[in-house]
file start.txt (compact mmCIF, C-alpha atoms)
# COMPACT_ATOMS: atom_id res chain seq x y z
CA MET H 1 23.04 -45.01 -134.12
CA THR H 2 21.66 -45.20 -137.60
CA GLY H 3 22.29 -43.78 -141.03
CA THR H 4 24.81 -43.94 -143.84
CA TYR H 5 27.14 -41.03 -144.59
CA GLU H 6 29.46 -40.94 -147.61
CA HIS H 7 32.61 -38.84 -147.21
CA THR H 8 36.25 -38.63 -148.19
CA ILE H 9 39.45 -38.64 -146.20
CA ASP H 10 41.75 -35.77 -147.10
CA GLY H 11 45.51 -35.99 -147.62
CA LYS H 12 46.15 -35.39 -143.91
CA GLY H 13 43.93 -38.28 -142.84
CA ARG H 14 41.05 -36.08 -141.71
CA LEU H 15 37.48 -37.31 -141.89
CA PHE H 16 34.37 -35.15 -141.55
CA ILE H 17 31.95 -36.35 -138.88
CA PRO H 18 28.35 -35.49 -139.83
CA SER H 19 26.60 -33.22 -137.32
CA ARG H 20 23.74 -35.68 -136.76
CA LEU H 21 26.18 -38.45 -135.92
CA LYS H 22 28.27 -36.17 -133.71
CA GLU H 23 25.13 -35.30 -131.74
CA GLU H 24 24.54 -39.00 -131.07
CA MET H 25 28.18 -39.69 -130.15
CA GLY H 26 28.93 -36.62 -128.09
CA ASP H 27 32.09 -34.54 -128.02
CA THR H 28 34.51 -37.32 -127.11
CA PHE H 29 34.61 -40.80 -128.57
CA HIS H 30 37.07 -43.59 -129.27
CA LEU H 31 38.25 -44.98 -132.60
CA SER H 32 39.56 -48.53 -132.94
CA MET H 33 40.06 -51.43 -135.28
CA GLY H 34 36.76 -53.12 -135.92
CA THR H 35 35.67 -56.37 -137.42
CA ASP H 36 35.65 -57.04 -141.16
CA GLN H 37 38.49 -54.58 -141.83
CA CYS H 38 36.55 -51.50 -140.78
CA LEU H 39 36.99 -49.04 -137.92
CA THR H 40 34.62 -48.71 -135.00
CA ILE H 41 33.71 -45.40 -133.37
CA TYR H 42 32.57 -45.85 -129.77
CA PRO H 43 30.72 -43.03 -128.01
CA GLN H 44 31.97 -42.59 -124.46
CA ASN H 45 29.16 -44.64 -122.86
CA ALA H 46 29.75 -47.60 -125.20
CA TRP H 47 33.51 -47.32 -124.61
CA ASP H 48 33.00 -47.34 -120.84
CA ALA H 49 30.84 -50.47 -121.14
CA LEU H 50 33.49 -52.16 -123.30
CA CYS H 51 36.21 -51.29 -120.76
CA ALA H 52 34.11 -52.74 -117.95
CA ARG H 53 33.61 -56.00 -119.87
CA ALA H 54 37.34 -56.15 -120.62
CA GLU H 55 38.10 -55.85 -116.90
CA GLU H 56 36.07 -59.02 -116.31
CA LEU H 57 38.17 -61.16 -118.66
CA GLU H 58 40.04 -63.94 -116.94
CA GLU H 59 41.90 -65.87 -119.64
CA GLU H 60 45.42 -64.57 -120.27
CA GLU H 61 45.04 -64.79 -124.04
CA ASP H 62 41.92 -62.59 -123.93
CA ILE H 63 43.60 -60.09 -121.62
CA GLU H 64 46.62 -59.88 -123.95
CA ALA H 65 44.36 -59.43 -126.98
CA MET H 66 42.52 -56.56 -125.27
CA GLU H 67 45.85 -54.95 -124.38
CA VAL H 68 46.72 -54.89 -128.08
CA PHE H 69 43.22 -53.67 -128.92
CA PHE H 70 43.47 -50.74 -126.49
CA ALA H 71 46.97 -49.88 -127.71
CA GLN H 72 45.57 -49.53 -131.25
CA SER H 73 42.63 -47.34 -130.16
CA TYR H 74 42.51 -43.56 -130.07
CA ARG H 75 40.49 -40.99 -128.14
CA CYS H 76 39.01 -38.46 -130.57
CA THR H 77 37.52 -35.02 -130.45
CA VAL H 78 36.33 -33.17 -133.51
CA ASP H 79 38.04 -29.98 -134.67
CA SER H 80 36.21 -26.73 -135.45
CA GLN H 81 35.18 -28.14 -138.85
CA ASN H 82 33.76 -31.41 -137.40
CA ARG H 83 36.74 -33.49 -138.52
CA ILE H 84 38.83 -36.12 -136.81
CA VAL H 85 42.27 -37.36 -137.79
CA ILE H 86 42.44 -41.07 -138.46
CA PRO H 87 45.95 -42.29 -137.61
CA PRO H 88 47.89 -43.98 -140.43
CA LEU H 89 47.85 -47.35 -138.67
CA LEU H 90 44.05 -47.40 -138.61
CA ARG H 91 43.74 -46.08 -142.16
CA GLU H 92 45.99 -48.88 -143.36
CA PHE H 93 44.13 -51.53 -141.33
CA ALA H 94 40.76 -50.58 -142.88
CA ASN H 95 42.19 -49.73 -146.32
CA LEU H 96 40.86 -46.17 -146.06
CA GLU H 97 42.38 -44.11 -148.81
CA LYS H 98 39.81 -41.60 -150.01
CA ASP H 99 36.16 -42.64 -150.32
CA VAL H 100 34.66 -43.88 -147.06
CA VAL H 101 31.25 -44.58 -145.62
CA ILE H 102 30.34 -43.97 -141.99
CA VAL H 103 27.43 -46.14 -140.89
CA GLY H 104 25.41 -46.20 -137.72
CA SER H 105 25.49 -49.67 -136.19
CA ASN H 106 23.29 -49.78 -133.10
CA ASN H 107 25.36 -48.28 -130.25
CA VAL H 108 28.49 -47.57 -132.34
CA ALA H 109 29.38 -46.20 -135.76
CA LYS H 110 31.67 -47.87 -138.26
CA VAL H 111 33.98 -46.41 -140.88
CA TRP H 112 34.28 -48.48 -144.04
CA ASN H 113 36.20 -48.32 -147.27
CA ALA H 114 33.37 -47.31 -149.65
CA LYS H 115 33.92 -50.24 -152.02
CA ARG H 116 33.97 -52.81 -149.21
CA TRP H 117 30.78 -51.31 -147.73
CA SER H 118 29.05 -51.52 -151.12
CA GLU H 119 30.04 -55.20 -151.37
CA LYS H 120 28.64 -55.85 -147.90
CA VAL H 121 25.35 -54.16 -148.76
CA ASP H 122 25.08 -56.23 -151.95
CA THR H 123 25.68 -59.40 -149.93
CA TYR H 124 23.19 -58.75 -147.13
CA MET H 125 20.41 -56.69 -148.68
CA SER H 126 18.87 -59.34 -150.89
CA PRO H 127 15.08 -59.63 -150.54
CA ASP H 128 15.36 -63.23 -149.32
CA ARG H 129 17.95 -62.32 -146.70
CA MET H 130 15.84 -59.42 -145.44
CA LYS H 131 12.74 -61.63 -145.20
CA ALA H 132 14.67 -64.20 -143.17
CA LEU H 133 16.00 -61.50 -140.86
CA ALA H 134 12.56 -59.94 -140.47
CA ARG H 135 11.20 -63.30 -139.28
CA LYS H 136 14.02 -63.67 -136.74
CA ILE H 137 13.64 -60.24 -135.18
CA ARG H 138 9.92 -59.90 -135.86
CA LEU H 139 10.01 -56.78 -138.02
call {"tool": "encode", "arguments": {"input": "start.txt", "output": "structure tokens"}}
result
Amino acid sequence: MTGTYEHTIDGKGRLFIPSRLKEEMGDTFHLSMGTDQCLTIYPQNAWDALCARAEELEEEEDIEAMEVFFAQSYRCTVDSQNRIVIPPLLREFANLEKDVVIVGSNNVAKVWNAKRWSEKVDTYMSPDRMKALARKIRL
């Protein structure tokens, strides 16, 4: 998934999912806590792969952590206006109040507080950083 989509969350916690992104994700996807205080949207195939990897965990601490992770995750479908409801727990975790950015991130999408996303872009989009990355992945 690719792209950056700026939107707002309404007073009921609803977020518009852009049509292009919905096409890539399908009709059903999963929303969970992500890294860096953002939310991660997993299309069904990525969610299935994550579940399979979780089943292979052997250390009790990892198994317990995944139990908490799954308990804080939600299955989503969009309404007739292409919106999902982000539960209060997840909105609080990612500090999502009004202005948000949905970004494509390879096989998932992420939902960021707009200010935090802007800070991340400023940190990682310097010309020197991009040149170093280009060398590593042979852009």
call {"tool": "atom_distance", "arguments": {"input": "start.txt", "atom1": "CA of Ala52 (chain H)", "atom2": "CA of Ile17 (chain H)"}}
result
26.7 Å
call {"tool": "residues_around", "arguments": {"input": "start.txt", "residues": "Ile86 (chain H)", "least_positions_apart": "5", "cutoff": "8 Å", "atoms": "all atoms listed in the file", "output": "PyMOL selection string"}}
result
chain H and resi 13-15+91
call {"tool": "atom_distance", "arguments": {"input": "start.txt", "atom1": "CA of Tyr5 (chain H)", "atom2": "CA of Met130 (chain H)"}}
result
21.6 Å
call {"tool": "atom_distance", "arguments": {"input": "start.txt", "atom1": "CA of Val68 (chain H)", "atom2": "CA of Asn107 (chain H)"}}
result
22.5 Å
call {"tool": "residues_around", "arguments": {"input": "start.txt", "residues": "Met66 (chain H)", "least_positions_apart": "5", "cutoff": "9 Å", "atoms": "all atoms listed in the file", "output": "ChimeraX atom specification"}}
result
/H:54,61,71
call {"tool": "closest_residue", "arguments": {"input": "start.txt", "among": "H:Tyr42, H:Phe16, H:Trp112, H:Tyr124", "to": "Met1 (chain H)", "atoms": "only C-alpha atoms"}}
result
H:Tyr42
call {"tool": "decode", "arguments": {"input": "start.txt", "residues": "region 25-61 of chain H", "atoms": "N, CA, C and O atoms", "output": "PDB file, in the first residue's frame"}}
result
ATOM      1  N   MET H  25      -7.281  -2.706   0.443  1.00  0.00           N
ATOM      2  CA  MET H  25      -7.465  -3.444   1.693  1.00  0.00           C
ATOM      3  C   MET H  25      -8.597  -4.458   1.636  1.00  0.00           C
ATOM      4  O   MET H  25      -8.603  -5.403   2.404  1.00  0.00           O
ATOM      5  N   GLY H  26      -9.563  -4.224   0.781  1.00  0.00           N
ATOM      6  CA  GLY H  26     -10.718  -5.108   0.732  1.00  0.00           C
ATOM      7  C   GLY H  26     -11.825  -4.633   1.660  1.00  0.00           C
ATOM      8  O   GLY H  26     -11.742  -3.567   2.261  1.00  0.00           O
ATOM      9  N   ASP H  27     -12.858  -5.441   1.785  1.00  0.00           N
ATOM     10  CA  ASP H  27     -14.028  -5.041   2.561  1.00  0.00           C
ATOM     11  C   ASP H  27     -13.868  -5.228   4.067  1.00  0.00           C
ATOM     12  O   ASP H  27     -14.537  -4.582   4.855  1.00  0.00           O
ATOM     13  N   THR H  28     -13.014  -6.142   4.463  1.00  0.00           N
ATOM     14  CA  THR H  28     -12.815  -6.417   5.882  1.00  0.00           C
ATOM     15  C   THR H  28     -11.339  -6.297   6.210  1.00  0.00           C
ATOM     16  O   THR H  28     -10.488  -6.806   5.480  1.00  0.00           O
ATOM     17  N   PHE H  29     -11.045  -5.599   7.281  1.00  0.00           N
ATOM     18  CA  PHE H  29      -9.659  -5.455   7.713  1.00  0.00           C
ATOM     19  C   PHE H  29      -9.637  -5.317   9.225  1.00  0.00           C
ATOM     20  O   PHE H  29     -10.680  -5.273   9.874  1.00  0.00           O
ATOM     21  N   HIS H  30      -8.450  -5.260   9.785  1.00  0.00           N
ATOM     22  CA  HIS H  30      -8.282  -5.242  11.241  1.00  0.00           C
ATOM     23  C   HIS H  30      -7.489  -4.007  11.652  1.00  0.00           C
ATOM     24  O   HIS H  30      -6.520  -3.641  10.991  1.00  0.00           O
ATOM     25  N   LEU H  31      -7.896  -3.411  12.743  1.00  0.00           N
ATOM     26  CA  LEU H  31      -7.287  -2.195  13.256  1.00  0.00           C
ATOM     27  C   LEU H  31      -6.682  -2.502  14.616  1.00  0.00           C
ATOM     28  O   LEU H  31      -7.341  -3.090  15.476  1.00  0.00           O
ATOM     29  N   SER H  32      -5.419  -2.109  14.802  1.00  0.00           N
ATOM     30  CA  SER H  32      -4.750  -2.396  16.077  1.00  0.00           C
ATOM     31  C   SER H  32      -3.771  -1.293  16.433  1.00  0.00           C
ATOM     32  O   SER H  32      -3.471  -0.414  15.619  1.00  0.00           O
ATOM     33  N   MET H  33      -3.274  -1.388  17.667  1.00  0.00           N
ATOM     34  CA  MET H  33      -2.199  -0.497  18.087  1.00  0.00           C
ATOM     35  C   MET H  33      -0.982  -0.803  17.235  1.00  0.00           C
ATOM     36  O   MET H  33      -0.686  -1.956  16.962  1.00  0.00           O
ATOM     37  N   GLY H  34      -0.318   0.238  16.813  1.00  0.00           N
ATOM     38  CA  GLY H  34       0.883   0.063  16.013  1.00  0.00           C
ATOM     39  C   GLY H  34       2.108   0.508  16.782  1.00  0.00           C
ATOM     40  O   GLY H  34       2.052   0.735  17.987  1.00  0.00           O
ATOM     41  N   THR H  35       3.188   0.648  16.078  1.00  0.00           N
ATOM     42  CA  THR H  35       4.401   1.156  16.695  1.00  0.00           C
ATOM     43  C   THR H  35       4.393   2.677  16.625  1.00  0.00           C
ATOM     44  O   THR H  35       3.629   3.274  15.869  1.00  0.00           O
ATOM     45  N   ASP H  36       5.222   3.303  17.401  1.00  0.00           N
ATOM     46  CA  ASP H  36       5.368   4.767  17.372  1.00  0.00           C
ATOM     47  C   ASP H  36       4.065   5.515  17.633  1.00  0.00           C
ATOM     48  O   ASP H  36       3.823   6.567  17.055  1.00  0.00           O
ATOM     49  N   GLN H  37       3.203   4.977  18.458  1.00  0.00           N
ATOM     50  CA  GLN H  37       1.943   5.633  18.819  1.00  0.00           C
ATOM     51  C   GLN H  37       1.072   5.940  17.606  1.00  0.00           C
ATOM     52  O   GLN H  37       0.497   7.019  17.480  1.00  0.00           O
ATOM     53  N   CYS H  38       0.970   4.994  16.703  1.00  0.00           N
ATOM     54  CA  CYS H  38       0.038   5.106  15.588  1.00  0.00           C
ATOM     55  C   CYS H  38      -0.812   3.849  15.590  1.00  0.00           C
ATOM     56  O   CYS H  38      -0.607   2.954  16.404  1.00  0.00           O
ATOM     57  N   LEU H  39      -1.792   3.785  14.708  1.00  0.00           N
ATOM     58  CA  LEU H  39      -2.610   2.586  14.554  1.00  0.00           C
ATOM     59  C   LEU H  39      -2.228   1.904  13.250  1.00  0.00           C
ATOM     60  O   LEU H  39      -1.818   2.563  12.298  1.00  0.00           O
ATOM     61  N   THR H  40      -2.369   0.599  13.218  1.00  0.00           N
ATOM     62  CA  THR H  40      -2.079  -0.155  12.005  1.00  0.00           C
ATOM     63  C   THR H  40      -3.363  -0.785  11.492  1.00  0.00           C
ATOM     64  O   THR H  40      -4.125  -1.358  12.264  1.00  0.00           O
ATOM     65  N   ILE H  41      -3.588  -0.645  10.190  1.00  0.00           N
ATOM     66  CA  ILE H  41      -4.717  -1.282   9.516  1.00  0.00           C
ATOM     67  C   ILE H  41      -4.158  -2.439   8.704  1.00  0.00           C
ATOM     68  O   ILE H  41      -3.328  -2.237   7.812  1.00  0.00           O
ATOM     69  N   TYR H  42      -4.600  -3.649   9.040  1.00  0.00           N
ATOM     70  CA  TYR H  42      -4.149  -4.853   8.346  1.00  0.00           C
ATOM     71  C   TYR H  42      -5.242  -5.335   7.402  1.00  0.00           C
ATOM     72  O   TYR H  42      -6.347  -5.648   7.862  1.00  0.00           O
ATOM     73  N   PRO H  43      -4.972  -5.443   6.106  1.00  0.00           N
ATOM     74  CA  PRO H  43      -5.933  -6.130   5.243  1.00  0.00           C
ATOM     75  C   PRO H  43      -5.995  -7.594   5.675  1.00  0.00           C
ATOM     76  O   PRO H  43      -5.094  -8.081   6.376  1.00  0.00           O
ATOM     77  N   GLN H  44      -7.036  -8.290   5.294  1.00  0.00           N
ATOM     78  CA  GLN H  44      -7.252  -9.647   5.784  1.00  0.00           C
ATOM     79  C   GLN H  44      -6.054 -10.565   5.536  1.00  0.00           C
ATOM     80  O   GLN H  44      -5.660 -11.331   6.409  1.00  0.00           O
ATOM     81  N   ASN H  45      -5.431 -10.484   4.358  1.00  0.00           N
ATOM     82  CA  ASN H  45      -4.299 -11.380   4.079  1.00  0.00           C
ATOM     83  C   ASN H  45      -3.109 -11.094   4.992  1.00  0.00           C
ATOM     84  O   ASN H  45      -2.437 -12.015   5.455  1.00  0.00           O
ATOM     85  N   ALA H  46      -2.844  -9.824   5.285  1.00  0.00           N
ATOM     86  CA  ALA H  46      -1.743  -9.483   6.195  1.00  0.00           C
ATOM     87  C   ALA H  46      -2.088  -9.905   7.627  1.00  0.00           C
ATOM     88  O   ALA H  46      -1.220 -10.363   8.373  1.00  0.00           O
ATOM     89  N   TRP H  47      -3.360  -9.773   7.999  1.00  0.00           N
ATOM     90  CA  TRP H  47      -3.803 -10.203   9.326  1.00  0.00           C
ATOM     91  C   TRP H  47      -3.647 -11.720   9.474  1.00  0.00           C
ATOM     92  O   TRP H  47      -3.163 -12.203  10.503  1.00  0.00           O
ATOM     93  N   ASP H  48      -4.049 -12.451   8.461  1.00  0.00           N
ATOM     94  CA  ASP H  48      -3.917 -13.913   8.497  1.00  0.00           C
ATOM     95  C   ASP H  48      -2.455 -14.320   8.653  1.00  0.00           C
ATOM     96  O   ASP H  48      -2.138 -15.234   9.420  1.00  0.00           O
ATOM     97  N   ALA H  49      -1.558 -13.641   7.947  1.00  0.00           N
ATOM     98  CA  ALA H  49      -0.129 -13.943   8.052  1.00  0.00           C
ATOM     99  C   ALA H  49       0.389 -13.628   9.459  1.00  0.00           C
ATOM    100  O   ALA H  49       1.171 -14.394  10.031  1.00  0.00           O
ATOM    101  N   LEU H  50      -0.068 -12.515  10.026  1.00  0.00           N
ATOM    102  CA  LEU H  50       0.324 -12.150  11.389  1.00  0.00           C
ATOM    103  C   LEU H  50      -0.159 -13.204  12.388  1.00  0.00           C
ATOM    104  O   LEU H  50       0.588 -13.631  13.272  1.00  0.00           O
ATOM    105  N   CYS H  51      -1.394 -13.636  12.233  1.00  0.00           N
ATOM    106  CA  CYS H  51      -1.953 -14.667  13.132  1.00  0.00           C
ATOM    107  C   CYS H  51      -1.148 -15.966  13.035  1.00  0.00           C
ATOM    108  O   CYS H  51      -0.880 -16.612  14.055  1.00  0.00           O
ATOM    109  N   ALA H  52      -0.761 -16.335  11.835  1.00  0.00           N
ATOM    110  CA  ALA H  52       0.027 -17.556  11.649  1.00  0.00           C
ATOM    111  C   ALA H  52       1.382 -17.433  12.344  1.00  0.00           C
ATOM    112  O   ALA H  52       1.845 -18.382  12.993  1.00  0.00           O
ATOM    113  N   ARG H  53       2.021 -16.268  12.228  1.00  0.00           N
ATOM    114  CA  ARG H  53       3.308 -16.071  12.901  1.00  0.00           C
ATOM    115  C   ARG H  53       3.131 -16.080  14.413  1.00  0.00           C
ATOM    116  O   ARG H  53       3.989 -16.606  15.136  1.00  0.00           O
ATOM    117  N   ALA H  54       2.035 -15.528  14.900  1.00  0.00           N
ATOM    118  CA  ALA H  54       1.770 -15.514  16.345  1.00  0.00           C
ATOM    119  C   ALA H  54       1.587 -16.930  16.877  1.00  0.00           C
ATOM    120  O   ALA H  54       2.002 -17.241  17.994  1.00  0.00           O
ATOM    121  N   GLU H  55       0.983 -17.797  16.080  1.00  0.00           N
ATOM    122  CA  GLU H  55       0.785 -19.195  16.491  1.00  0.00           C
ATOM    123  C   GLU H  55       2.107 -19.935  16.668  1.00  0.00           C
ATOM    124  O   GLU H  55       2.171 -20.907  17.410  1.00  0.00           O
ATOM    125  N   GLU H  56       3.153 -19.460  16.021  1.00  0.00           N
ATOM    126  CA  GLU H  56       4.458 -20.117  16.094  1.00  0.00           C
ATOM    127  C   GLU H  56       5.288 -19.679  17.296  1.00  0.00           C
ATOM    128  O   GLU H  56       6.326 -20.263  17.585  1.00  0.00           O
ATOM    129  N   LEU H  57       4.837 -18.655  18.012  1.00  0.00           N
ATOM    130  CA  LEU H  57       5.594 -18.169  19.167  1.00  0.00           C
ATOM    131  C   LEU H  57       5.665 -19.244  20.239  1.00  0.00           C
ATOM    132  O   LEU H  57       4.702 -19.975  20.469  1.00  0.00           O
ATOM    133  N   GLU H  58       6.791 -19.302  20.892  1.00  0.00           N
ATOM    134  CA  GLU H  58       6.985 -20.333  21.917  1.00  0.00           C
ATOM    135  C   GLU H  58       7.210 -19.761  23.311  1.00  0.00           C
ATOM    136  O   GLU H  58       6.871 -20.399  24.298  1.00  0.00           O
ATOM    137  N   GLU H  59       7.790 -18.575  23.407  1.00  0.00           N
ATOM    138  CA  GLU H  59       8.080 -18.002  24.716  1.00  0.00           C
ATOM    139  C   GLU H  59       6.806 -17.433  25.337  1.00  0.00           C
ATOM    140  O   GLU H  59       6.053 -16.702  24.680  1.00  0.00           O
ATOM    141  N   GLU H  60       6.582 -17.759  26.592  1.00  0.00           N
ATOM    142  CA  GLU H  60       5.358 -17.371  27.295  1.00  0.00           C
ATOM    143  C   GLU H  60       5.140 -15.860  27.273  1.00  0.00           C
ATOM    144  O   GLU H  60       4.023 -15.391  27.071  1.00  0.00           O
ATOM    145  N   GLU H  61       6.209 -15.109  27.440  1.00  0.00           N
ATOM    146  CA  GLU H  61       6.094 -13.647  27.448  1.00  0.00           C
ATOM    147  C   GLU H  61       5.592 -13.130  26.095  1.00  0.00           C
ATOM    148  O   GLU H  61       4.761 -12.226  26.034  1.00  0.00           O
TER     149      GLU H  61
END
